[in-house]
Structure formats: structure tokens, C-alpha cells
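First comes the structure, then the notes that go with it.
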Amino acid sequence: MPNLINVTYNQTGKSKNTNALGMREMQEKAYEGRTAQYLLIKAPPASGKSRALMFIALDKLKNQGLKKVIVAVPEKSIGASFGTTELKKFGFFSDWNPNPKYNLCTPGKEKSKVTAFLDFLESDESILICTHATFRFAFEGLNPKKLDNTLVAIDEFHHVSAEGDNILGQVLKSIMANSSAHIVAMTGSYFRGDNIPVLMPEDEAKFTKVTYTYYQQLNGYEYLKSLGIGYHFYTGKYFKKHPDKEMSALAEILNENQKTIIHIPSVNSAESSKEKYEEVNHIIDVLGVLDYQDEKTGVLYINSHKTGKILKVADLVNDNPKSREKISTYLRNITSADDIDIIIALGMAKEGFDWPYCQHALTIGYRGSLTEIIQIIGRATRDSNNKTHAQFTNLIAQPDAEDEDVKFSVNNMLKAITASLLMEQVLAPNFKFKLKKDEDDDDDENEDENTIKIRGFKLPTSQRAKDIIETDLNDLKAKILQDPQMLKAMPGNIEPEVINTVLIPKIIREVYPDLDEEDVEAVRQHVVVDSVIKNSTIEEQGDKKFIRMAGSFVNIDDIHIDLIDQVNPFQKAFEILSKSVTTQVLKLIDEHIQSTKIEMTEEEAILLWPKIKEWVKNNKGEQPSIQAFDQKEKRMAEALVFLRELKRKKALENG
């Protein structure tokens, strides 16, 4: 199957260049917000969030009167990112020198770590590093006032949730309400994938936001030129040869000349064999024959079936502490692309895992969380001189009509495609949209090539709506793309106007109940326009620019919001999908959508009425059929039934 997404970048080097203080582009941007009491940094993997925190924390200690810094990370291995770091030699006023005594990301019992945490609060030391778990346990019974004049930095902030039983979320809320502590929250992805907000809107509004996009990061690299995101569907077991194929799905897709991380399925997923160690053995069998395992490093040396060369493989699925520590230590200290070829992992090698030489992140099994997908893709998007292309491939079980969980499989496939749609939005360059007022409004020296003017375009009026458009558009798209009704509407069985003017504003109202209708419409238009433009191609012909979107080829100077509202912003991925799976699978997807199709609303029926009249006129007075194969005709027929029923009810009410 071809990639759903192929993005190319300009290799400007900008995101890697440093200023006079030794800060990269993202770090400089974050440092500008250093005086905020609550700072939220949204930036992709490898953009330098750890060092950005060091710069901010040291400024708060020296120049803002704070006495202590607590850094909380999700797991022990990530604590190494906050170890001693030289900053002065690159131009900053101080180095980052935490006392190893208060680096609690080490082996040992949680009880002793909590004791060390409480000792730290009474000591003269200024920096402590711990896991989220240690932080939560230490907070039990702790008076939040003890954190006055302290900076609390939470790495991988999406682990927090506003849900009632999320302890880290409760701790954060208590700190904000009952202490003068400063908070820096950092995340490579603000999507949780479960529709639960990270923070409640009233708490989130207190944060100053620094957003650095994936596009800014990748476009500013030196070596990486392109990124592909693809899905590959298989039947049976991914590591077994299918009767109709020459090799297994894994063998077909795995290029052993690319440095690859293979993430095997969660043991709870349908794709898993339920035996994780056996699964590693199956993968090794696909690769070749085990020659030997190095006792000192834990590296597996495998003689390749395909080429006969020796492959160096790391097994991170084996959770025996001694074995895990050996191979983890080896991976932490590699200095060359030749040091390892393939890493096999389950829960590890996602957040905070740094293997810059990785070219291909191959993930087996559906991943329900957009956050997890973004984190995994981030493993392959480090800039390194051994690669010009990075690839993410998701190997997913194809729905099978004989399978009793066919609806579950179809849902997983739709959600996987949805995740790729969101990634396409995240990875594309950002556009600015303005209202085009009249013909003389064409030339403006201050406009760059990424500014597009649109007739009939609505601009936000409140600061709240402006902030949502400025910093939260991708988060909002994630919520829209995960909405169950939207998932069923996206393949094109619902009119684009219904998606754009009925379903999307409904979701916006649910996410931002504080917005008035004018600002809901402004945010809606920005979401739709941004999604459609990023899914389109812009072409130059002579001195004019044209935009090709959903079959239309329009002069960019003539774009009107009404034209954009006639485009399904999410259909492209499904069109690619329809060319890549069998007719039988498409039929299963269609049957599933029909069996759970969205309810008709009065808004949608009224919106469809002009189309119904036009359809009847074009078909010599014949009305659309509810048995029609064409989904749009069928939907118009359903709208007719709905409108007749509505008319009947109103006639009864008016008696």
C-alpha cells in the first residue's frame, strides 16, 4: 500500500542553529515565556524540551526568586535527559548541575525515594529529578504550601488528565489552587486519544502557551528531507506466510537496510499472539537465524535470510531486569549507525527514547492513542547524517467477514486512517487566513506566501477564540477526528456541508462551551479552511496561483468560504484506502458505517433540501431512493423521510 502521507521539507537548518545563549529555535521561543507562572510548552520529539526547561529553571532560580526545581518524568529512563549539562560554554550564564543524591530516577523502593523527596524540600539543594509516580506518592499528605517558591516541571504532560481519578491531575489542580508554585508543563503531543481533556478549560486558560510545530522542527533540519506515513493491512498472523503471498506481511514490509524499531502489539490487542517472548522469536525467524548473543551487551547477532549479512538486534521486550539493563546501557552509549540495526520493543522505545539513527518506525497492531502514534513517529524523525527519509508504517489486521469482532476491526481501521489524517495536518506548514475585502485587497507587502485571503471569511472577535485558533487548532482537530459521529461521516457518505456546518460546530460547542455563536463560527471556519487547504495542492501557472481541492481547480484569489464548505476535508485518505484494500473489505467498512450510521438532525435535513430538489429536477421528477447504492442519494432519501415526519408532527401540534 502506498504512503497515505508524503511530506517533504526544505532542510533550512534553522531548528538546529543556536543563538548567542546556546539556544535552538524552540528553546529560544520557550525562554521568552520564562516569567510566566504557568507555562505550557507544546513541541515535538527531538526539539530540545529538556534543555529548554533547564534554561527556564535556572533563570527562575537566579532571577525570579524561586528556591527549588522539581522535574517529574513518566519513567526512570527519561530522567537521564535531565542529567548534568554544560550550558556556560555555549553562552548561557550557568550550567545545569543537579546533585546525584536527588536524582530519584534510579533503582530502589518507592518508599525511600519519597523520604528523599521530603528531605529535599527541607535541604539547601535546588534541583530534584523524579518519576511521576514518586511525585504522586510524595504529595500524599504533603501540604501544598511546601511547594511555595518552587518550580514544578512535568515532562510528557499528556499523562495528566482532568478525569476525576487521575491522581497526577488532582495533584496539579491542588498545587495551582493552594500554593504559589510555578509550573512548566512539557509535551510532544497534547492529544490523549481518549477524548478526556488534559486540563479543564478554566485551568488551561491560566497557562501561557508556547507552541512549536512539527513542521517548524522538521523543516529546519539539516539532513532529513522527507517523511512518509503508511498503513499496511494483513490477514492471519503478521509473522506467518499467507497462502496467497510469497512471504509474511512483516517480511514484505521490513527493509533490513533501514535502521528500524519494531513495536509488537500490546498483549491485550487482537493482533497479539498473547505470548510476547514467542512473538520476538517469530520476528527473529522472519529476519534470519540467530548466530549468537553477546554476553556483555545483550545484542543478538542474526544471520539474515535475505542478504546473508549479520544483523545486530536489540530485544527490549525481555523484561528480565539484568537482560534489560545490559541492552539499555548499550543503546544509551551507541555512537554510530553501525552499532545496532533493529530494535524490537513493546512498551519501551517510545517517549523520550533517543536513537537518532532510526529511519523506520514499524508498529504492529492498531494504536488507539494519537499521542502514542505521534511519540512513535518521533523515534524516526531525529535528524541524523545517515538518513534523508524517515518512515512510519502501521501494520494492521485487515477486517475479516468471518471474524466475530469484525466491527471492532473496522473501527480500528477507520481510527488508524483518522490518525494519519491528523498527522498530515500536524506535519504540514501553517497557513494564515485573512478576510479578502475587495479587488484592491490583493497586494500587501507584509503578507508572506503562507497567507491566504478568503472571501466571506469570519475572523474571531474575542481573545479566547483568537488563542484557540493560534495555539489549539490541532488539538481541536484531534477531538473532531475522534468524535464517533465524525468517524462515520468522514468516508463521504454524508454531504460535506453537513460535516462542515453541522457536525464540526456541534463538537466545537461541546469542547468550548464558553464561546458565543459568532466565535464558534469563526473557529469552525478556521478548522475547516485549514484542513481543506492542507489537504489540497497549490500550483503556480504564470503569475497566478491555483488551488486544487476535491476535484475543483480554483484561482487562489477567488476562494470563497462557501466553496470551501462544499469540500469534505477528510476524504482524501479514504480515497487512497479504497484503492489499497479489497472490495470485500470496503464492503465490510460500508456495512459497518450503515449499521451505526449517524442520526438525522433537522439541521442536516434542511441543509439537504435544496440538493433533494436539484436531484429530483435532474432525474425527471423521480425522488431519491432509500435503497440506492449511492450513499449520498440514500442520505437524501432519508432526509426526505425525516422532513415528511417533521411536517406531520408540526401539523399535529398546530392541530
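By order in the C-alpha cells, chains are A, B, ...; within a chain, residues start at 1; ligands start at 1, following the order shown.
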Give me, as a ChimeraX atom specification, all polymer residues having an atom no more than 8 Å from Asn500 in chain A, counting only C-alpha atoms and skipping those fewer than 5 positions away in the same chain.
/A:505,524,528,565,568
Could you produce a table of the residues of range 466-564 of chain A lying within 12 Å of range 213-227 of chain A, with the nearest pair of atoms per residue and their separation in Å rounded to one decimal, using only C-alpha atoms, ordered by chain and increasing residue number, as JSON lines?
{"residue": "A:Glu470", "atom": "CA", "partner": "A:Thr213", "partner_atom": "CA", "distance": 11.7}
{"residue": "A:Thr471", "atom": "CA", "partner": "A:Thr213", "partner_atom": "CA", "distance": 9.9}
{"residue": "A:Asp472", "atom": "CA", "partner": "A:Thr213", "partner_atom": "CA", "distance": 11.4}
{"residue": "A:Leu473", "atom": "CA", "partner": "A:Thr213", "partner_atom": "CA", "distance": 11.5}
{"residue": "A:Asn474", "atom": "CA", "partner": "A:Thr213", "partner_atom": "CA", "distance": 9.9}
Name the residues of range 192-359 of chain A that come out as alpha helix (DSSP H) in a backbone DSSP run; write them as a PyMOL selection string.
chain A and resi 201-204+214-219+249-253+276-287+321-332
Which of range 30-98 of chain A counts as strand (DSSP E) under DSSP, as a list of chain:residue names please?
A:Tyr38, A:Leu39, A:Leu40, A:Ile41, A:Lys42, A:Lys68, A:Val69, A:Ile70, A:Val71, A:Ala72, A:Val73
Tell me which protein, DNA and RNA residues are within 6 Å of range 420-434 of chain A, counting only C-alpha atoms, leaving out same-chain ones fewer than 2 positions away, and put them as a ChimeraX atom specification.
/A:214-215,417-418,450-453
Please provide as a list in words all residues within 7 Å of range 141-150 of chain A, with the sequence filter that same-chain residues fewer than 4 positions apart are discarded (counting only C-alpha atoms).
Leu66, Lys67, Lys68, Val69, Ile175, Asn178, Ser179, Ser180, Ala181 and His182 of chain A
Take the residues from that selection and put them in a file with C-alpha atoms, as a PDB file, in the first residue's frame.
ATOM      1  CA  LEU A  66      12.438  30.724  43.281  1.00  0.00           C
ATOM      2  CA  LYS A  67      14.365  28.376  45.574  1.00  0.00           C
ATOM      3  CA  LYS A  68      13.782  24.887  44.165  1.00  0.00           C
ATOM      4  CA  VAL A  69      13.082  22.981  40.953  1.00  0.00           C
ATOM      5  CA  ILE A 175      -0.787  22.792  43.632  1.00  0.00           C
ATOM      6  CA  ASN A 178      -3.127  26.064  47.199  1.00  0.00           C
ATOM      7  CA  SER A 179       0.442  27.207  46.575  1.00  0.00           C
ATOM      8  CA  SER A 180       2.477  29.887  44.828  1.00  0.00           C
ATOM      9  CA  ALA A 181       4.423  27.236  42.878  1.00  0.00           C
ATOM     10  CA  HIS A 182       5.350  27.850  39.255  1.00  0.00           C
TER      11      HIS A 182
END
Can you pull out every residue within 8 Å of Ile261 in chain A, counting only C-alpha atoms, but drop anything in the same chain fewer than 2 positions away, and send it as a PyMOL selection string?
chain A and resi 259+263+342-345+349+358+360-362
Now that the selection is made, can you save its residues with all heavy atoms as a JSON list (two decimals), in the first residue's frame?
[["chain", "number", "residue", "atom", "x", "y", "z"],
["A", 259, "LYS", "N", 17.52, 1.35, 9.49],
["A", 259, "LYS", "CA", 17.55, 1.21, 10.94],
["A", 259, "LYS", "C", 16.10, 1.28, 11.45],
["A", 259, "LYS", "O", 15.42, 2.29, 11.24],
["A", 259, "LYS", "CB", 18.38, 2.32, 11.57],
["A", 259, "LYS", "CG", 19.80, 2.42, 11.02],
["A", 259, "LYS", "CD", 20.60, 1.17, 11.32],
["A", 259, "LYS", "CE", 21.98, 1.19, 10.68],
["A", 259, "LYS", "NZ", 22.74, -0.02, 10.94],
["A", 263, "HIS", "N", 7.69, -2.16, 16.95],
["A", 263, "HIS", "CA", 6.87, -2.23, 18.16],
["A", 263, "HIS", "C", 5.84, -3.34, 17.98],
["A", 263, "HIS", "O", 4.98, -3.25, 17.09],
["A", 263, "HIS", "CB", 6.17, -0.89, 18.42],
["A", 263, "HIS", "CG", 7.05, 0.10, 19.10],
["A", 263, "HIS", "ND1", 7.57, 1.20, 18.45],
["A", 263, "HIS", "CD2", 7.53, 0.17, 20.37],
["A", 263, "HIS", "CE1", 8.33, 1.89, 19.29],
["A", 263, "HIS", "NE2", 8.31, 1.29, 20.46],
["A", 342, "ILE", "N", 18.33, -3.22, 14.31],
["A", 342, "ILE", "CA", 16.89, -3.34, 14.58],
["A", 342, "ILE", "C", 16.66, -3.43, 16.08],
["A", 342, "ILE", "O", 17.39, -4.12, 16.80],
["A", 342, "ILE", "CB", 16.31, -4.60, 13.87],
["A", 342, "ILE", "CG1", 16.33, -4.40, 12.35],
["A", 342, "ILE", "CG2", 14.88, -4.90, 14.34],
["A", 342, "ILE", "CD1", 16.06, -5.65, 11.55],
["A", 343, "ILE", "N", 15.66, -2.71, 16.55],
["A", 343, "ILE", "CA", 15.24, -2.79, 17.95],
["A", 343, "ILE", "C", 13.83, -3.35, 17.98],
["A", 343, "ILE", "O", 12.95, -2.88, 17.25],
["A", 343, "ILE", "CB", 15.28, -1.41, 18.63],
["A", 343, "ILE", "CG1", 16.72, -0.88, 18.69],
["A", 343, "ILE", "CG2", 14.68, -1.46, 20.03],
["A", 343, "ILE", "CD1", 16.84, 0.55, 19.20],
["A", 344, "ILE", "N", 13.60, -4.37, 18.79],
["A", 344, "ILE", "CA", 12.26, -4.93, 18.97],
["A", 344, "ILE", "C", 11.77, -4.51, 20.35],
["A", 344, "ILE", "O", 12.45, -4.74, 21.36],
["A", 344, "ILE", "CB", 12.26, -6.48, 18.85],
["A", 344, "ILE", "CG1", 12.91, -6.91, 17.53],
["A", 344, "ILE", "CG2", 10.84, -7.03, 18.95],
["A", 344, "ILE", "CD1", 13.17, -8.42, 17.43],
["A", 345, "ALA", "N", 10.61, -3.86, 20.41],
["A", 345, "ALA", "CA", 10.14, -3.30, 21.68],
["A", 345, "ALA", "C", 8.65, -3.54, 21.84],
["A", 345, "ALA", "O", 7.93, -3.87, 20.89],
["A", 345, "ALA", "CB", 10.44, -1.80, 21.73],
["A", 349, "ALA", "N", 10.94, 2.32, 24.19],
["A", 349, "ALA", "CA", 11.38, 2.95, 22.93],
["A", 349, "ALA", "C", 10.30, 3.81, 22.31],
["A", 349, "ALA", "O", 10.12, 3.83, 21.09],
["A", 349, "ALA", "CB", 11.85, 1.87, 21.94],
["A", 358, "CYS", "N", 17.55, 6.04, 13.77],
["A", 358, "CYS", "CA", 16.35, 5.30, 13.36],
["A", 358, "CYS", "C", 15.73, 5.91, 12.10],
["A", 358, "CYS", "O", 15.47, 7.11, 12.04],
["A", 358, "CYS", "CB", 15.32, 5.29, 14.50],
["A", 358, "CYS", "SG", 13.79, 4.47, 14.04],
["A", 360, "HIS", "N", 13.09, 3.95, 10.34],
["A", 360, "HIS", "CA", 11.77, 3.36, 10.13],
["A", 360, "HIS", "C", 11.18, 2.94, 11.47],
["A", 360, "HIS", "O", 11.78, 2.16, 12.20],
["A", 360, "HIS", "CB", 11.92, 2.13, 9.21],
["A", 360, "HIS", "CG", 10.61, 1.56, 8.76],
["A", 360, "HIS", "ND1", 10.52, 0.39, 8.04],
["A", 360, "HIS", "CD2", 9.32, 1.98, 8.91],
["A", 360, "HIS", "CE1", 9.25, 0.12, 7.78],
["A", 360, "HIS", "NE2", 8.51, 1.08, 8.30],
["A", 361, "ALA", "N", 10.01, 3.51, 11.80],
["A", 361, "ALA", "CA", 9.26, 3.06, 12.97],
["A", 361, "ALA", "C", 8.14, 2.16, 12.46],
["A", 361, "ALA", "O", 7.20, 2.64, 11.82],
["A", 361, "ALA", "CB", 8.71, 4.25, 13.74],
["A", 362, "LEU", "N", 8.28, 0.88, 12.70],
["A", 362, "LEU", "CA", 7.31, -0.11, 12.20],
["A", 362, "LEU", "C", 6.49, -0.60, 13.39],
["A", 362, "LEU", "O", 7.00, -1.26, 14.30],
["A", 362, "LEU", "CB", 8.07, -1.27, 11.53],
["A", 362, "LEU", "CG", 7.27, -2.50, 11.12],
["A", 362, "LEU", "CD1", 6.07, -2.15, 10.27],
["A", 362, "LEU", "CD2", 8.17, -3.47, 10.36]]
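Minimum distance to Ile377 in chain A across A:Lys276, A:Thr601, A:Ala52, A:Gly230 (counting only C-alpha atoms) occurs at A:Gly230.
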